[in-house]
$ cat protein-v9.txt   # compact mmCIF, C-alpha atoms and all ligand atoms
# COMPACT_ATOMS: atom_id res chain seq x y z
CA MET A 14 -93.96 -42.67 -23.08
CA GLN A 15 -97.36 -43.28 -24.66
CA ASP A 16 -98.70 -44.09 -21.16
CA PHE A 17 -97.37 -40.79 -19.87
CA ARG A 18 -98.94 -38.89 -22.78
CA GLU A 19 -102.30 -40.46 -22.02
CA GLU A 20 -101.96 -39.70 -18.32
CA VAL A 21 -101.18 -36.04 -19.13
CA ARG A 22 -104.02 -35.79 -21.64
CA ASP A 23 -106.57 -37.24 -19.19
CA TRP A 24 -105.37 -35.03 -16.38
CA LEU A 25 -105.54 -31.89 -18.50
CA GLU A 26 -108.97 -32.80 -19.80
CA THR A 27 -110.22 -33.06 -16.22
CA HIS A 28 -108.40 -30.11 -14.67
CA CYS A 29 -107.90 -27.41 -17.33
CA PRO A 30 -111.11 -25.30 -17.39
CA PRO A 31 -112.41 -23.81 -20.66
CA ALA A 32 -111.56 -20.34 -19.26
CA ALA A 33 -107.84 -21.25 -19.32
CA ARG A 34 -107.82 -22.36 -22.97
CA GLY A 35 -107.13 -20.07 -25.92
CA ARG A 36 -107.16 -16.29 -25.53
CA GLY A 37 -108.55 -14.75 -22.38
CA GLU A 38 -107.78 -13.12 -19.07
CA PRO A 39 -104.04 -13.42 -18.37
CA ILE A 40 -103.04 -15.87 -15.66
CA THR A 41 -101.14 -13.74 -13.19
CA ILE A 42 -98.83 -14.66 -10.32
CA GLY A 43 -98.25 -13.18 -6.88
CA THR A 44 -100.60 -11.46 -4.44
CA LYS A 45 -100.95 -8.03 -6.08
CA ARG A 46 -102.72 -8.81 -9.33
CA PRO A 47 -105.72 -10.99 -8.45
CA MET A 48 -107.51 -12.63 -11.35
CA LYS A 49 -111.19 -11.89 -11.87
CA ASP A 50 -112.15 -15.42 -12.83
CA PRO A 51 -111.78 -17.83 -9.87
CA ALA A 52 -111.47 -20.75 -12.31
CA LEU A 53 -108.10 -19.36 -13.41
CA LEU A 54 -106.74 -19.25 -9.86
CA ALA A 55 -107.96 -22.80 -9.32
CA TRP A 56 -106.21 -23.87 -12.55
CA ARG A 57 -102.96 -22.20 -11.49
CA HIS A 58 -103.10 -24.02 -8.17
CA GLU A 59 -103.98 -27.38 -9.76
CA LEU A 60 -101.10 -27.12 -12.19
CA GLY A 61 -98.75 -25.86 -9.45
CA SER A 62 -99.74 -28.65 -7.03
CA ARG A 63 -98.86 -31.16 -9.71
CA GLY A 64 -95.46 -29.46 -10.16
CA TRP A 65 -96.18 -28.82 -13.83
CA THR A 66 -95.61 -25.05 -13.70
CA VAL A 67 -91.91 -25.95 -13.25
CA PRO A 68 -91.86 -29.47 -14.69
CA LEU A 69 -88.08 -29.96 -14.58
CA TRP A 70 -87.52 -28.89 -10.96
CA PRO A 71 -87.19 -31.63 -8.32
CA LYS A 72 -90.43 -32.71 -6.66
CA GLU A 73 -89.23 -31.86 -3.16
CA TYR A 74 -89.10 -28.17 -4.14
CA GLY A 75 -92.50 -28.03 -5.82
CA GLY A 76 -91.41 -29.17 -9.26
CA GLY A 77 -92.71 -31.98 -11.43
CA GLY A 78 -89.50 -34.04 -11.39
CA LEU A 79 -90.06 -34.78 -15.09
CA SER A 80 -87.41 -35.88 -17.57
CA ALA A 81 -86.75 -33.69 -20.64
CA GLU A 82 -88.73 -36.14 -22.76
CA GLN A 83 -91.72 -36.14 -20.40
CA ASN A 84 -91.63 -32.36 -20.27
CA GLN A 85 -91.68 -32.24 -24.07
CA ILE A 86 -94.85 -34.33 -24.02
CA LEU A 87 -96.41 -32.13 -21.34
CA GLN A 88 -95.69 -28.99 -23.38
CA GLU A 89 -97.13 -30.59 -26.52
CA GLU A 90 -100.32 -31.58 -24.71
CA LEU A 91 -100.69 -28.15 -23.09
CA GLY A 92 -100.18 -26.63 -26.55
CA ALA A 93 -102.71 -28.99 -28.14
CA ILE A 94 -105.54 -27.69 -25.91
CA LYS A 95 -104.16 -24.11 -26.06
CA ALA A 96 -103.83 -24.05 -22.27
CA ARG A 97 -102.69 -20.74 -20.83
CA VAL A 98 -99.98 -21.48 -18.32
CA PRO A 99 -98.51 -19.26 -15.57
CA ILE A 100 -94.99 -20.29 -16.48
CA GLY A 101 -93.33 -16.89 -16.85
CA GLY A 102 -91.94 -14.54 -14.27
CA MET A 103 -88.58 -13.93 -12.69
CA GLY A 104 -89.28 -16.53 -10.01
CA VAL A 105 -89.38 -19.36 -12.51
CA SER A 106 -86.77 -18.06 -14.91
CA MET A 107 -84.17 -16.35 -12.69
CA ILE A 108 -84.23 -16.71 -8.91
CA GLY A 109 -85.62 -20.27 -8.95
CA PRO A 110 -82.74 -21.80 -10.96
CA THR A 111 -80.26 -19.68 -8.97
CA LEU A 112 -81.58 -21.00 -5.64
CA LEU A 113 -81.47 -24.54 -7.01
CA GLU A 114 -77.72 -24.03 -7.55
CA TYR A 115 -76.71 -21.73 -4.69
CA GLY A 116 -79.55 -21.77 -2.14
CA THR A 117 -79.43 -23.50 1.23
CA GLU A 118 -81.85 -26.36 1.81
CA ASP A 119 -83.96 -24.02 3.96
CA GLN A 120 -84.05 -21.34 1.21
CA LYS A 121 -85.09 -23.91 -1.39
CA LEU A 122 -87.87 -25.24 0.83
CA ARG A 123 -89.16 -21.79 1.80
CA HIS A 124 -89.05 -20.08 -1.59
CA LEU A 125 -89.24 -22.59 -4.45
CA PRO A 126 -92.68 -24.15 -3.75
CA CYS A 127 -94.25 -20.63 -3.56
CA ILE A 128 -92.77 -19.87 -6.99
CA ALA A 129 -94.06 -23.16 -8.38
CA MET A 130 -97.58 -22.39 -7.12
CA GLY A 131 -97.42 -18.85 -8.55
CA ASP A 132 -98.25 -17.46 -5.09
CA ILE A 133 -95.27 -15.11 -4.94
CA ALA A 134 -94.07 -12.74 -7.70
CA TRP A 135 -90.39 -11.73 -7.79
CA CYS A 136 -88.51 -8.79 -9.25
CA GLN A 137 -84.86 -8.05 -9.89
CA GLY A 138 -83.05 -5.28 -8.00
CA TYR A 139 -79.75 -4.98 -9.83
CA SER A 140 -79.53 -1.62 -11.68
CA GLU A 141 -79.04 1.65 -9.81
CA PRO A 142 -78.92 5.24 -11.07
CA GLY A 143 -75.11 4.98 -11.10
CA ALA A 144 -74.77 1.28 -11.93
CA GLY A 145 -76.12 -0.25 -15.15
CA SER A 146 -73.61 -1.85 -17.50
CA ASP A 147 -71.05 -1.25 -14.79
CA LEU A 148 -73.17 -3.17 -12.32
CA ALA A 149 -70.35 -3.65 -9.83
CA ALA A 150 -70.47 0.11 -9.17
CA LEU A 151 -73.63 -0.47 -7.12
CA GLN A 152 -73.93 1.48 -3.87
CA THR A 153 -77.01 0.16 -2.06
CA LYS A 154 -75.65 -0.77 1.36
CA MET A 155 -76.45 -3.66 3.63
CA ILE A 156 -75.22 -3.82 7.19
CA ASP A 157 -75.41 -6.43 9.91
CA LYS A 158 -77.83 -5.40 12.68
CA GLY A 159 -77.48 -8.51 14.78
CA ASP A 160 -80.71 -10.45 14.21
CA VAL A 161 -81.33 -9.00 10.74
CA PHE A 162 -79.64 -7.20 7.86
CA GLN A 163 -80.53 -3.56 7.22
CA ILE A 164 -80.61 -2.16 3.68
CA ASN A 165 -80.47 1.46 2.47
CA GLY A 166 -80.23 2.70 -1.09
CA GLN A 167 -82.01 2.85 -4.44
CA LYS A 168 -82.57 0.57 -7.40
CA ILE A 169 -83.96 1.63 -10.78
CA TRP A 170 -85.63 0.03 -13.82
CA THR A 171 -87.02 -2.66 -11.52
CA SER A 172 -89.43 -4.42 -13.90
CA GLY A 173 -92.71 -5.35 -12.27
CA ALA A 174 -91.68 -4.09 -8.80
CA ASN A 175 -95.17 -2.63 -8.34
CA PHE A 176 -96.61 -6.17 -8.55
CA ALA A 177 -93.81 -8.06 -6.83
CA ASP A 178 -93.87 -9.59 -3.35
CA TRP A 179 -90.14 -10.26 -3.09
CA ILE A 180 -87.01 -8.82 -4.67
CA PHE A 181 -83.64 -10.48 -5.22
CA THR A 182 -80.93 -7.90 -5.09
CA LEU A 183 -77.22 -7.16 -5.10
CA VAL A 184 -75.99 -4.93 -2.26
CA ARG A 185 -72.66 -3.62 -1.06
CA THR A 186 -71.60 -5.19 2.21
CA ASP A 187 -67.92 -4.21 2.30
CA PRO A 188 -67.31 -0.66 1.00
CA ASN A 189 -63.55 -1.04 1.45
CA ALA A 190 -63.15 -4.17 -0.67
CA ALA A 191 -62.31 -4.17 -4.41
CA LYS A 192 -65.29 -3.33 -6.63
CA HIS A 193 -66.43 -6.86 -7.50
CA GLU A 194 -65.80 -8.09 -3.99
CA GLY A 195 -67.77 -6.80 -1.02
CA ILE A 196 -71.06 -7.42 -2.88
CA SER A 197 -73.71 -9.76 -1.46
CA PHE A 198 -76.86 -11.33 -2.86
CA ILE A 199 -79.92 -10.96 -0.64
CA LEU A 200 -83.62 -11.79 -0.85
CA ILE A 201 -85.92 -9.07 0.52
CA ASP A 202 -89.62 -9.19 1.37
CA MET A 203 -91.17 -6.13 -0.32
CA ASN A 204 -94.17 -6.03 1.97
CA GLN A 205 -92.55 -3.92 4.68
CA PRO A 206 -92.47 -0.18 5.48
CA GLY A 207 -88.79 0.17 4.49
CA VAL A 208 -89.47 -0.63 0.82
CA THR A 209 -91.08 1.98 -1.45
CA VAL A 210 -91.84 1.47 -5.11
CA LYS A 211 -92.43 4.33 -7.55
CA PRO A 212 -93.58 3.30 -11.03
CA ILE A 213 -91.83 5.07 -13.93
CA LYS A 214 -94.44 6.19 -16.42
CA LEU A 215 -93.47 5.82 -20.07
CA ILE A 216 -94.66 7.81 -23.07
CA SER A 217 -97.02 4.93 -23.89
CA GLY A 218 -98.75 5.47 -20.53
CA ASN A 219 -97.52 2.11 -19.23
CA SER A 220 -95.31 1.62 -16.19
CA PRO A 221 -93.37 -1.54 -16.91
CA PHE A 222 -90.65 -0.63 -14.47
CA CYS A 223 -90.08 1.29 -11.23
CA GLU A 224 -87.69 2.99 -8.89
CA THR A 225 -87.28 0.93 -5.71
CA PHE A 226 -86.15 2.62 -2.50
CA PHE A 227 -84.81 0.89 0.62
CA ASP A 228 -84.98 3.01 3.78
CA ASP A 229 -83.90 0.92 6.75
CA ALA A 230 -85.46 -2.08 5.05
CA VAL A 231 -84.71 -5.40 6.72
CA ALA A 232 -83.89 -8.86 5.44
CA ARG A 233 -83.64 -12.15 7.26
CA LYS A 234 -80.09 -13.32 7.75
CA ASP A 235 -80.95 -16.73 6.34
CA ASP A 236 -82.03 -15.03 3.10
CA LEU A 237 -78.43 -14.28 2.17
CA VAL A 238 -77.68 -16.41 -0.92
CA GLY A 239 -74.10 -17.66 -1.05
CA GLN A 240 -71.51 -16.15 1.25
CA LEU A 241 -71.34 -12.60 2.57
CA ASN A 242 -69.22 -10.45 0.18
CA ARG A 243 -69.27 -13.23 -2.44
CA GLY A 244 -72.56 -12.30 -4.11
CA TRP A 245 -71.01 -11.28 -7.45
CA THR A 246 -70.62 -14.92 -8.50
CA VAL A 247 -74.26 -15.67 -7.63
CA GLY A 248 -75.44 -12.47 -9.35
CA LYS A 249 -73.53 -13.28 -12.55
CA ARG A 250 -74.95 -16.79 -12.66
CA LEU A 251 -78.46 -15.39 -12.31
CA LEU A 252 -77.77 -13.19 -15.36
CA GLN A 253 -76.90 -16.34 -17.33
CA HIS A 254 -80.28 -17.82 -16.40
CA GLU A 255 -81.91 -14.55 -17.49
CA ARG A 256 -80.05 -14.45 -20.82
CA SER A 257 -80.66 -18.11 -21.44
CA GLY A 258 -84.41 -17.39 -21.33
CA GLN A 259 -84.03 -14.30 -23.52
CA GLY A 260 -81.87 -16.26 -25.99
CA GLY A 261 -84.36 -19.15 -26.22
CA LEU A 262 -82.05 -21.68 -24.54
CA ARG A 263 -84.13 -22.53 -21.48
CA ALA A 264 -84.51 -26.31 -21.17
CA GLY A 265 -88.05 -27.43 -21.84
CA ALA A 266 -89.27 -24.10 -23.21
CA ARG A 267 -92.34 -24.41 -25.38
CA GLN A 268 -91.41 -23.60 -29.00
CA ALA A 269 -94.04 -21.27 -30.34
CA VAL A 270 -95.51 -22.03 -33.74
CA ARG A 271 -94.97 -18.84 -35.70
CA ARG A 272 -96.54 -17.56 -38.87
CA ASN A 273 -94.35 -15.85 -41.40
CA MET A 274 -95.40 -12.37 -40.29
CA LEU A 275 -92.96 -10.58 -42.59
CA ALA A 276 -94.29 -12.22 -45.74
CA GLU A 277 -97.86 -11.45 -44.61
CA THR A 278 -96.97 -7.82 -43.84
CA ALA A 279 -95.21 -7.43 -47.21
CA ALA A 280 -98.18 -8.91 -49.06
CA SER A 281 -100.57 -6.49 -47.31
CA TYR A 282 -98.55 -3.29 -47.59
CA VAL A 283 -96.32 -3.74 -50.64
CA GLY A 284 -98.64 -5.94 -52.70
CA VAL A 285 -98.17 -9.14 -54.68
CA THR A 286 -97.79 -9.93 -58.38
CA PRO A 287 -100.47 -12.03 -60.13
CA ALA A 288 -98.16 -15.01 -59.50
CA GLY A 289 -98.36 -14.31 -55.74
CA ARG A 290 -94.81 -12.93 -55.28
CA ILE A 291 -94.07 -9.80 -53.26
CA SER A 292 -94.07 -7.15 -55.98
CA ASP A 293 -90.97 -5.17 -54.92
CA ALA A 294 -87.81 -7.21 -55.65
CA VAL A 295 -85.67 -5.57 -52.95
CA MET A 296 -88.35 -6.03 -50.29
CA ARG A 297 -88.84 -9.62 -51.45
CA ASP A 298 -85.15 -10.41 -51.06
CA THR A 299 -85.08 -8.86 -47.61
CA VAL A 300 -88.15 -10.81 -46.50
CA VAL A 301 -86.43 -14.01 -47.65
CA ARG A 302 -83.17 -13.11 -45.90
CA PHE A 303 -84.81 -12.32 -42.55
CA THR A 304 -87.09 -15.36 -42.77
CA MET A 305 -84.04 -17.57 -43.31
CA ASP A 306 -82.19 -15.87 -40.45
CA GLN A 307 -85.14 -16.42 -38.13
CA HIS A 308 -85.44 -20.05 -39.16
CA SER A 309 -81.70 -20.71 -38.78
CA PHE A 310 -81.74 -19.09 -35.34
CA ARG A 311 -84.69 -21.19 -34.19
CA ILE A 312 -83.12 -24.45 -35.29
CA THR A 313 -79.80 -23.44 -33.72
CA GLN A 314 -81.62 -22.72 -30.43
CA LYS A 315 -83.38 -26.07 -30.71
CA ARG A 316 -80.10 -27.88 -31.39
CA ALA A 317 -78.41 -26.14 -28.45
CA ARG A 318 -81.30 -27.14 -26.16
CA GLU A 319 -81.20 -30.75 -27.38
CA GLU A 320 -77.42 -31.02 -27.08
CA ASN A 321 -77.63 -29.75 -23.52
CA THR A 322 -78.60 -33.12 -22.06
CA SER A 323 -77.90 -32.06 -18.47
CA GLY A 324 -80.64 -29.38 -18.67
CA ALA A 325 -78.34 -26.94 -16.83
CA THR A 326 -78.26 -23.33 -18.03
CA PRO A 327 -75.19 -22.79 -20.23
CA GLY A 328 -72.55 -20.30 -19.07
CA GLU A 329 -71.10 -17.39 -21.03
CA ALA A 330 -72.34 -18.82 -24.35
CA THR A 331 -75.83 -17.58 -23.39
CA SER A 332 -74.54 -14.12 -24.40
CA ILE A 333 -74.20 -15.24 -28.04
CA PHE A 334 -77.86 -16.20 -28.23
CA LYS A 335 -79.03 -13.13 -26.30
CA LEU A 336 -77.03 -10.82 -28.60
CA TYR A 337 -78.11 -12.47 -31.83
CA GLY A 338 -81.78 -12.72 -30.85
CA ALA A 339 -81.99 -9.10 -29.68
CA THR A 340 -80.25 -7.81 -32.81
CA LEU A 341 -82.38 -9.87 -35.16
CA GLY A 342 -85.57 -8.82 -33.36
CA ARG A 343 -84.59 -5.15 -33.59
CA ASP A 344 -83.61 -5.37 -37.28
CA ILE A 345 -86.80 -7.18 -38.22
CA ALA A 346 -88.87 -4.56 -36.37
CA ASP A 347 -87.04 -1.84 -38.38
CA PHE A 348 -87.72 -3.64 -41.64
CA LYS A 349 -91.39 -4.20 -40.80
CA LEU A 350 -91.68 -0.44 -40.45
CA GLN A 351 -90.21 0.02 -43.94
CA LEU A 352 -92.75 -2.43 -45.33
CA MET A 353 -95.63 -0.60 -43.66
CA GLY A 354 -94.51 2.89 -44.69
CA SER A 355 -96.38 5.67 -42.91
CA GLN A 356 -98.89 3.11 -41.55
CA GLY A 357 -96.04 1.82 -39.41
CA TYR A 358 -96.00 4.97 -37.31
CA GLY A 359 -99.51 4.75 -35.82
CA TRP A 360 -99.95 5.98 -32.27
CA GLN A 361 -103.56 6.72 -31.46
CA SER A 362 -105.46 8.44 -34.27
CA ASP A 363 -108.33 7.03 -36.31
CA GLY A 364 -106.25 6.39 -39.42
CA PHE A 365 -104.63 3.24 -37.96
CA THR A 366 -105.84 -0.26 -37.19
CA GLU A 367 -105.25 -1.84 -33.76
CA ASP A 368 -102.59 -4.08 -35.31
CA GLU A 369 -100.77 -1.05 -36.71
CA ILE A 370 -100.76 0.73 -33.36
CA GLU A 371 -99.56 -2.50 -31.73
CA SER A 372 -96.81 -2.73 -34.34
CA THR A 373 -95.50 0.76 -33.47
CA ARG A 374 -95.22 -0.27 -29.83
CA GLY A 375 -93.51 -3.50 -30.91
CA PHE A 376 -90.97 -1.44 -32.86
CA LEU A 377 -90.22 0.70 -29.80
CA SER A 378 -89.96 -2.25 -27.41
CA SER A 379 -87.62 -4.07 -29.83
CA ARG A 380 -85.00 -1.53 -28.65
CA ALA A 381 -85.48 -2.72 -25.07
CA MET A 382 -84.32 -6.23 -25.97
CA THR A 383 -80.90 -4.81 -26.83
CA ILE A 384 -80.65 -3.22 -23.36
CA TYR A 385 -82.20 -5.39 -20.61
CA GLY A 386 -80.25 -8.34 -19.25
CA GLY A 387 -77.10 -6.44 -20.31
CA THR A 388 -76.80 -4.31 -23.45
CA ASN A 389 -75.60 -5.61 -26.83
CA GLU A 390 -72.20 -4.00 -26.23
CA ILE A 391 -71.87 -5.75 -22.88
CA GLN A 392 -72.75 -9.11 -24.49
CA MET A 393 -70.04 -8.47 -27.11
CA ASN A 394 -67.54 -7.75 -24.33
CA ILE A 395 -68.47 -11.03 -22.59
CA ILE A 396 -68.22 -13.01 -25.83
CA ALA A 397 -64.85 -11.42 -26.66
CA LYS A 398 -63.36 -12.02 -23.22
CA ARG A 399 -65.03 -15.15 -21.89
CA VAL A 400 -66.00 -17.13 -24.99
CA LEU A 401 -63.26 -16.18 -27.48
CA GLY A 402 -60.61 -15.57 -24.81
CA LEU A 403 -59.44 -12.28 -26.34
CA PRO A 404 -57.21 -10.10 -24.14
CA ASP A 405 -58.85 -7.59 -21.79
C1 LIG B 1 -87.13 -2.97 -20.60
C2 LIG B 1 -86.08 -2.97 -19.53
C3 LIG B 1 -86.28 -3.70 -18.39
C4 LIG B 1 -85.32 -3.68 -17.38
N1 LIG B 1 -85.57 -4.39 -16.23
C5 LIG B 1 -84.66 -4.37 -15.22
C6 LIG B 1 -84.94 -5.04 -13.98
O1 LIG B 1 -85.98 -5.66 -13.80
N2 LIG B 1 -84.02 -4.96 -13.00
C7 LIG B 1 -82.83 -4.30 -13.14
O2 LIG B 1 -82.05 -4.33 -12.21
N3 LIG B 1 -82.56 -3.64 -14.30
C8 LIG B 1 -83.44 -3.65 -15.33
N4 LIG B 1 -83.18 -2.97 -16.50
C9 LIG B 1 -81.97 -2.16 -16.59
C10 LIG B 1 -80.92 -2.72 -17.52
O3 LIG B 1 -80.28 -3.84 -16.96
C11 LIG B 1 -79.93 -1.57 -17.78
O4 LIG B 1 -80.63 -0.56 -18.49
C12 LIG B 1 -78.75 -2.02 -18.61
O5 LIG B 1 -77.93 -2.89 -17.87
C13 LIG B 1 -77.90 -0.83 -19.12
O6 LIG B 1 -77.58 0.02 -18.08
P1 LIG B 1 -77.84 1.61 -18.20
O7 LIG B 1 -79.26 1.80 -18.61
O8 LIG B 1 -77.39 2.23 -16.93
O9 LIG B 1 -76.95 2.09 -19.42
P2 LIG B 1 -75.39 2.42 -19.38
O10 LIG B 1 -74.67 1.35 -18.63
O11 LIG B 1 -75.21 3.82 -18.92
O12 LIG B 1 -75.01 2.30 -20.91
C14 LIG B 1 -75.22 3.34 -21.85
C15 LIG B 1 -74.59 2.92 -23.17
O13 LIG B 1 -73.18 2.74 -23.02
C16 LIG B 1 -72.79 1.44 -23.48
N5 LIG B 1 -71.72 0.91 -22.63
C17 LIG B 1 -71.66 0.96 -21.28
N6 LIG B 1 -70.52 0.34 -20.85
C18 LIG B 1 -69.89 -0.13 -21.94
C19 LIG B 1 -68.67 -0.86 -22.15
N7 LIG B 1 -67.91 -1.27 -21.13
N8 LIG B 1 -68.32 -1.19 -23.42
C20 LIG B 1 -69.09 -0.80 -24.47
N9 LIG B 1 -70.26 -0.10 -24.34
C21 LIG B 1 -70.65 0.23 -23.09
C22 LIG B 1 -74.05 0.59 -23.31
O14 LIG B 1 -74.02 -0.53 -24.17
C23 LIG B 1 -75.16 1.58 -23.68
O15 LIG B 1 -75.29 1.65 -25.08
C24 LIG B 1 -84.12 -2.96 -17.54
C25 LIG B 1 -83.90 -2.22 -18.73
C26 LIG B 1 -84.89 -2.23 -19.71
C27 LIG B 1 -84.63 -1.43 -20.97

$ encode --input "protein-v9.txt" --output "structure tokens" --more "lines below"
Ligand SMILES: Cc1cc2nc3c(=O)[nH]c(=O)nc-3n(C[C@H](O)[C@H](O)[C@H](O)COP(=O)(O)OP(=O)(O)OC[C@H]3O[C@@H](n4cnc5c(N)ncnc54)[C@H](O)[C@@H]3O)c2cc1C
Amino acid sequence: MQDFREEVRDWLETHCPPAARGRGEPITIGTKRPMKDPALLAWRHELGSRGWTVPLWPKEYGGGGLSAEQNQILQEELGAIKARVPIGGMGVSMIGPTLLEYGTEDQKLRHLPCIAMGDIAWCQGYSEPGAGSDLAALQTKMIDKGDVFQINGQKIWTSGANFADWIFTLVRTDPNAAKHEGISFILIDMNQPGVTVKPIKLISGNSPFCETFFDDAVARKDDLVGQLNRGWTVGKRLLQHERSGQGGLRAGARQAVRRNMLAETAASYVGVTPAGRISDAVMRDTVVRFTMDQHSFRITQKRAREENTSGATPGEATSIFKLYGATLGRDIADFKLQLMGSQGYGWQSDGFTEDEIESTRGFLSSRAMTIYGGTNEIQMNIIAKRVLGLPD
């Protein structure tokens, strides 16, 4: 393995430009958010051509074909030079692993290498105005038009749809079948007149998600994933890939080195005794409790990743990690606000530092973690029924 480490180190030294190390312009994916610095695009393509944006995927589909141990080394070496890597996105974390399991050979060859290169950005068209937790209530319709499928309907909360090139979506193909049947899983090119995206503007001014409308949109017949009317199984599996990422279970994920932010926040806002302890005993105890919870969760995630020698995304157990992580994140954000007092409510006036304003937004977005990918209540239902086997 030492040889491999040296090979990686040499390669990175030659190919990773200074512009891609440390903080800087984000490395984006897809066609709709071009990067200003051409060196970053070149870096994304170099890394993608080597298969190291998706190191564990098979080489024939644009991956690196690395073992878990080799990937660990790659992540350590990327971390050592603080390389910014275009590894995120729903292509890599959701539709890619789903196609590896359920896609036809043609689908894998057409779609996976574009994801690996970062050339195509994907979004997720699941939720509808009348179908969120009860996802199987979805009404967007897809009909067979001979050479193509035709899609009509509306999705909502489509994260990043305004920057996406393709959307993976669940549609109703048999309105007379039972609710969970008659649903199909289809891949749709968003660059066509039948697809309209309307960003939803939030109070913060950002538009992280959109409404997505299909008006006689078309999809290729060979972009149906799995069988017609059997898309629910594929769609559920994709959610496990999504939750596995949210719960920190994804094989080969880079473990971030984290500072003890709570202790630092408490020291700044509550103060410390001459001996260096947080001066308020109750706050001190809570800092210790949350720090231990965070640490225990991280080592449990690490153990679960290491025990998963196959590298496959776990099944229903992903819900346990998703639920715990989202709840802990939310509770810590609440507590941080208590530590900061009124300085924790900064929005835009002069009396707040940039970090304080950032912290307010962090508090608000900590709520989102308990909703996307299935709400906390839905995760509890899955754990009760599918993990613990409790009666329906
Ligand atoms: C930041 C963010 C990003 C998102 N991105 C996407 C995306 O990219 N693509 C996409 O398709 N969707 C996306 N969503 C939508 C998300 O999946 C839904 O919001 C979520 O599934 C909940 O659906 P809903 O909003 O319709 O709430 P509802 O389903 O109406 O739920 C309302 C409340 O009722 C509770 N509830 C509902 N049913 C039950 C039950 N059976 N038992 C107990 N409690 C229940 C819920 O827990 C919740 O508290 C995103 C959401 C957020 C917040």

$ closest_atom_pairs --input "protein-v9.txt" --of "chain A" --to "ligand LIG 1 (chain B)" --cutoff "7 Å" --atoms "all atoms listed in the file" --output "CSV"
residue,atom,partner,partner_atom,distance
A:Cys136,CA,B:LIG1,O1,6.1
A:Gln137,CA,B:LIG1,N2,4.5
A:Gly138,CA,B:LIG1,O2,4.4
A:Tyr139,CA,B:LIG1,O2,3.4
A:Ser140,CA,B:LIG1,O2,3.7
A:Pro142,CA,B:LIG1,O8,6.8
A:Gly143,CA,B:LIG1,O8,6.8
A:Ala144,CA,B:LIG1,O8,5.7
A:Gly145,CA,B:LIG1,O6,3.3
A:Ser146,CA,B:LIG1,O10,3.6
A:Asp147,CA,B:LIG1,O10,5.9
A:Lys168,CA,B:LIG1,O2,6.9
A:Ile169,CA,B:LIG1,O2,6.4
A:Trp170,CA,B:LIG1,C8,4.5
A:Thr171,CA,B:LIG1,O1,3.9
A:Ser172,CA,B:LIG1,O1,3.7
A:Gly173,CA,B:LIG1,O1,6.9
A:Phe222,CA,B:LIG1,N1,6.6
A:Ala381,CA,B:LIG1,C27,4.4
A:Met382,CA,B:LIG1,C1,6.9
A:Ile384,CA,B:LIG1,C27,5.0
A:Tyr385,CA,B:LIG1,C25,4.1
A:Gly386,CA,B:LIG1,O3,5.0
A:Gly387,CA,B:LIG1,O5,4.4
A:Thr388,CA,B:LIG1,O14,4.7
A:Asn389,CA,B:LIG1,O14,5.9
A:Glu390,CA,B:LIG1,O14,4.4
A:Ile391,CA,B:LIG1,O14,5.8
A:Asn394,CA,B:LIG1,N8,6.7

$ closest_residue --input "protein-v9.txt" --among "A:Glu141, A:Gln152, A:Arg46, A:Pro287" --to "Asn175 (chain A)" --atoms "only C-alpha atoms"
A:Arg46

$ residues_near_point --input "protein-v9.txt" --point "(-91.1, -30.9, -13.6)" --cutoff "10 Å" --atoms "all atoms listed in the file" --output "list in words"
Arg63, Gly64, Trp65, Thr66, Val67, Pro68, Leu69, Trp70, Pro71, Lys72, Gly75, Gly76, Gly77, Gly78, Leu79, Ser80, Ala81, Gln83, Asn84, Leu87, Ala129 and Gly265 of chain A

$ closest_atom_pairs --input "protein-v9.txt" --of "region 162-186 of chain A" --to "region 228-232 of chain A" --cutoff "9 Å" --atoms "all atoms listed in the file" --output "CSV"
residue,atom,partner,partner_atom,distance
A:Phe162,CA,A:Ala232,CA,5.2
A:Gln163,CA,A:Val231,CA,4.6
A:Ile164,CA,A:Ala230,CA,5.0
A:Asn165,CA,A:Asp228,CA,4.9
A:Gly166,CA,A:Asp228,CA,6.8
A:Gln167,CA,A:Asp228,CA,8.7

$ closest_residue --input "protein-v9.txt" --among "A:Ser378, A:Met203, A:Lys45, A:Ala264" --to "Glu320 (chain A)" --atoms "all atoms listed in the file"
A:Ala264

$ closest_residue --input "protein-v9.txt" --among "A:Phe181, A:Trp56, A:Phe17, A:Tyr358" --to "Val238 (chain A)" --atoms "all atoms listed in the file"
A:Phe181

$ residues_around --input "protein-v9.txt" --residues "Gly101 (chain A)" --least-positions-apart "4" --cutoff "9 Å" --atoms "only C-alpha atoms" --output "VMD selection string"
chain A and resid 42 105 to 106

$ write_last_selection --input "protein-v9.txt" --atoms "C-alpha atoms" --output "PDB file, in the frame of the given file"
ATOM      1  CA  ILE A  42     -98.830 -14.660 -10.320  1.00  0.00           C
ATOM      2  CA  VAL A 105     -89.380 -19.360 -12.510  1.00  0.00           C
ATOM      3  CA  SER A 106     -86.770 -18.060 -14.910  1.00  0.00           C
TER       4      SER A 106
END

$ residues_around --input "protein-v9.txt" --residues "Arg297 (chain A)" --least-positions-apart "3" --cutoff "12 Å" --atoms "only C-alpha atoms" --output "ChimeraX atom specification"
/A:275-280,283-286,289-294,300-304,348,352

$ atom_distance --input "protein-v9.txt" --atom1 "CA of Ala190 (chain A)" --atom2 "CA of Gly116 (chain A)"
24.1 Å

$ residues_around --input "protein-v9.txt" --residues "Thr313 (chain A)" --least-positions-apart "4" --cutoff "10 Å" --atoms "all atoms listed in the file" --output "compact mmCIF listing (two decimals) with C-alpha atoms, in the coordinates of the input"
# COMPACT_ATOMS: atom_id res chain seq x y z
CA GLY A 261 -84.36 -19.15 -26.22
CA LEU A 262 -82.05 -21.68 -24.54
CA GLN A 307 -85.14 -16.42 -38.13
CA HIS A 308 -85.44 -20.05 -39.16
CA SER A 309 -81.70 -20.71 -38.78
CA ALA A 317 -78.41 -26.14 -28.45
CA ARG A 318 -81.30 -27.14 -26.16
CA GLU A 319 -81.20 -30.75 -27.38
CA PHE A 334 -77.86 -16.20 -28.23
